[in-house]
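K.L.:
This is the structure, below, for whatever I ask next.
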Amino acid sequence: MKAIVFDRFGGTEVLHEAEVEVPQPGPGQVRVRIKAVGVNPVDGKIRSGIMEAIFPTTLPAVPGGEIAGIVDAVGEGVDELKVGDEVLGWSETGSYAEYALADATVLAPKPAGLDWTSAVTLPVASDGAERVLDLLDVKAGETLLIHGASGALGTVAVQLAVARGARVIGTAGPANQNYVTSLGATALVYGENLVERVRALAPQGVDAVFDAAGKGALEDSITLRGTTDRIVTTADFRAAQLGIVFAEGPQRRSATRLAELARKAADGELVTTVGAAYPLSEAAEAQRVSDAGHNRGKLVLTVA
């Protein structure tokens, strides 16, 4: 099968297309014929080698772990899925490929009204958003500041926080202000004088901060909170130096919750945005754009 592989750590130039063996499902696993792959910032960090302390990688490696596709084969003991089922979720083998293996228990059914590229925007973003909102203990009536509110993770986090009854102030680039507003947040351009501009919007202060951008906003966040308490980042590796929580714990990967959110997305109750879709052969370009940051919505690879 075709796959995108890297044989050494480095920039996007280390990614190349290769023929690799089609994986065979073991007990409790299914093989998925991939239709769409989520491109996540962590993919580039693993490729670069800076994540080795957290996610040791055996080379050569196929990037990725977020999929939408069709069950192609089932392993021993799998009763909940069958060949031909359309699913979305997380893979156990690299997903920048034509096929990947997945634990059958972490795959949710894809609603008929949700296209492949929209479906693959959900697993990582919804799981990460809910995990951080729970870590922050966001409640109704509180004010939550989200950095990177226009990205794939921020898009979902804004909506889930608003659904909890929180007021959300979301930072994003100038071109994404209307988009962030459409999600239910008060939009704010990141950058200079951020502390003063947030305080003008929230004179009583912010109750919690979710940094999904990793663009150097932690110091301002501490100033706004007056403490390191109730600040969580998923993207800034300086967190430990500043006494901030870095959300690197195990993912929940709830197929039940993912199925619920997929139904909401299909019904138009939850907005997800595909920022750009690339064919599998252009994975290096997709990661280059991801590495640069400031994207609106999700970057996706499509597999013919």
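We label chains A, B, ... in the order they appear in the structure tokens, count residues from 1 in each chain, and number ligands from 1 in the order shown.
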Near segment 121-132 of chain A, within 8 Å and counting only C-alpha atoms, which residues show up once chain neighbours fewer than 4 positions away are dropped, as a compact mmCIF listing (two decimals) with C-alpha atoms, in the first residue's frame?

P.N.:
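Result saved to result-v5.txt:
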```txt
# COMPACT_ATOMS: atom_id res chain seq x y z
CA GLY A 38 -6.44 14.49 10.23
CA GLU A 66 -6.70 10.28 13.26
CA LEU A 88 -14.15 7.73 12.39
CA GLY A 89 -11.75 7.73 15.30
CA TRP A 90 -8.15 6.97 16.20
CA THR A 117 -13.24 15.38 5.51
CA LEU A 136 -9.96 23.70 33.95
CA ALA A 152 -9.31 22.84 14.78
CA LEU A 153 -9.03 22.39 18.56
CA GLY A 154 -10.09 25.95 19.35
CA VAL A 156 -14.53 22.81 19.02
CA ALA A 157 -13.38 24.12 22.42
CA LEU A 160 -18.24 23.13 23.97
CA PHE A 210 -6.97 27.40 27.49
CA VAL A 232 -3.71 24.74 30.63
CA ALA A 247 -2.19 18.59 28.83
CA GLN A 251 -6.55 10.61 25.72
CA ARG A 252 -10.00 9.35 26.70
CA ARG A 253 -10.95 8.24 23.21
CA SER A 254 -14.61 7.66 23.96
CA LEU A 258 -17.44 10.85 19.55
CA LEU A 261 -20.65 14.80 18.59
CA ALA A 262 -20.54 13.36 15.07
CA THR A 272 -16.26 21.97 12.23
CA THR A 273 -14.22 23.58 9.51
CA VAL A 274 -11.85 22.03 7.01
CA LYS A 298 -8.54 21.49 10.29
CA VAL A 300 -6.90 17.13 6.13
```

K.L.:
Can you list, as a ChimeraX atom specification, every residue of segment 70-179 of chain A that DSSP puts in strand (DSSP E)?

P.N.:
/A:70-74,86-90,99-103,107-109,143-147,167-172

K.L.:
For a quick check of understanding, using only C-alpha atoms, which of A:Ala240, A:Val106, A:Val42, A:Ala175 has the smallest distance to Asp291 of chain A?

P.N.:
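Of A:Ala240, A:Val106, A:Val42, A:Ala175, the one nearest Asp291 of chain A is A:Val42, counting only C-alpha atoms.
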
K.L.:
Just checking: using only C-alpha atoms, which residue out of A:Gly243, A:Val162, A:Ala266, A:Val138 ends up closest to Asp207 of chain A?

P.N.:
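Checking each of A:Gly243, A:Val162, A:Ala266, A:Val138 against Asp207 of chain A, counting only C-alpha atoms, the winner is A:Val138.
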
K.L.:
If I take atom CA of Glu196 of chain A and atom CA of Asn178 of chain A, how far is one from the other in Å, to one decimal?

P.N.:
21.1 Å

K.L.:
Using only C-alpha atoms, can you tell me which of A:Val206, A:Val158, A:Ala212, A:Ile46 comes closest to Gly226 of chain A?

P.N.:
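When distances to Gly226 of chain A are compared using only C-alpha atoms, the smallest one comes from A:Val206.
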
K.L.:
Counting only C-alpha atoms, which residue out of A:Ser48, A:Ser290, A:Gln159, A:Gln29 sits closest to Lys264 of chain A?

P.N.:
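Using only C-alpha atoms, the shortest distance to Lys264 of chain A belongs to A:Gln159.
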
K.L.:
Would you kindly return, as number ranges by chain, each protein, DNA or RNA residue with an atom no farther than 12 Å from any atom of Thr57 of chain A, considering only C-alpha atoms and excluding same-chain residues fewer than 5 positions away?

P.N.:
A: 6-9, 43, 45-52, 62-63, 93-94

K.L.:
Under the rule that only C-alpha atoms are counted, which of A:Ser150, A:Ser118, A:Ser182, A:Thr302 is the nearest residue to Arg263 of chain A?

P.N.:
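Nearest to Arg263 of chain A: A:Ser118.
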
K.L.:
Residues of segment 247-279 of chain A in alpha helix (DSSP H) according to DSSP, as a PDB file with C-alpha atoms, in the first residue's frame?

P.N.:
```
ATOM      1  CA  ALA A 255     -16.368   6.198  20.932  1.00  0.00           C
ATOM      2  CA  THR A 256     -19.724   6.922  22.567  1.00  0.00           C
ATOM      3  CA  ARG A 257     -19.003  10.631  23.015  1.00  0.00           C
ATOM      4  CA  LEU A 258     -17.437  10.853  19.553  1.00  0.00           C
ATOM      5  CA  ALA A 259     -20.567   9.317  18.026  1.00  0.00           C
ATOM      6  CA  GLU A 260     -22.724  11.877  19.848  1.00  0.00           C
ATOM      7  CA  LEU A 261     -20.646  14.802  18.589  1.00  0.00           C
ATOM      8  CA  ALA A 262     -20.538  13.364  15.065  1.00  0.00           C
ATOM      9  CA  ARG A 263     -24.346  13.302  15.057  1.00  0.00           C
ATOM     10  CA  LYS A 264     -24.392  16.939  16.213  1.00  0.00           C
ATOM     11  CA  ALA A 265     -21.968  17.871  13.437  1.00  0.00           C
ATOM     12  CA  ALA A 266     -24.098  16.072  10.858  1.00  0.00           C
TER      13      ALA A 266
END
```

K.L.:
Applying 12 Å and only C-alpha atoms, which residues near Glu219 of chain A remain after dropping the ones on its own chain fewer than 2 positions away? List them as JSON, numbers by chain.

P.N.:
{"A": [194, 195, 209, 211, 214, 215, 216, 217, 221, 222, 223, 224, 225, 226, 227, 228, 231, 233, 236, 238, 239, 241, 242, 243, 244]}

K.L.:
What lies within 8 Å of Ala213 of chain A using only C-alpha atoms, ignoring chain neighbours under 4 positions off, as an MDAnalysis selection string?

P.N.:
chainID A and resid 147:148 234:236 293:294

K.L.:
Measuring atom to atom with only C-alpha atoms, identify which of A:Asp85, A:Glu192, A:Glu142, A:Asp267 is nearest to Gly205 of chain A.

P.N.:
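When distances to Gly205 of chain A are compared using only C-alpha atoms, the smallest one comes from A:Glu142.
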
K.L.:
When you draw a straight line from atom CA of Thr143 of chain A to atom CA of Gly268 of chain A, how long is it in Å?

P.N.:
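Going from atom CA of Thr143 of chain A over to atom CA of Gly268 of chain A, I get 25.3 Å.
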
K.L.:
Rounded to one decimal in Å, what is the spacing between atom CA of Leu201 of chain A and atom CA of Leu188 of chain A?

P.N.:
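That distance, rounded to one decimal, is 9.4 Å.
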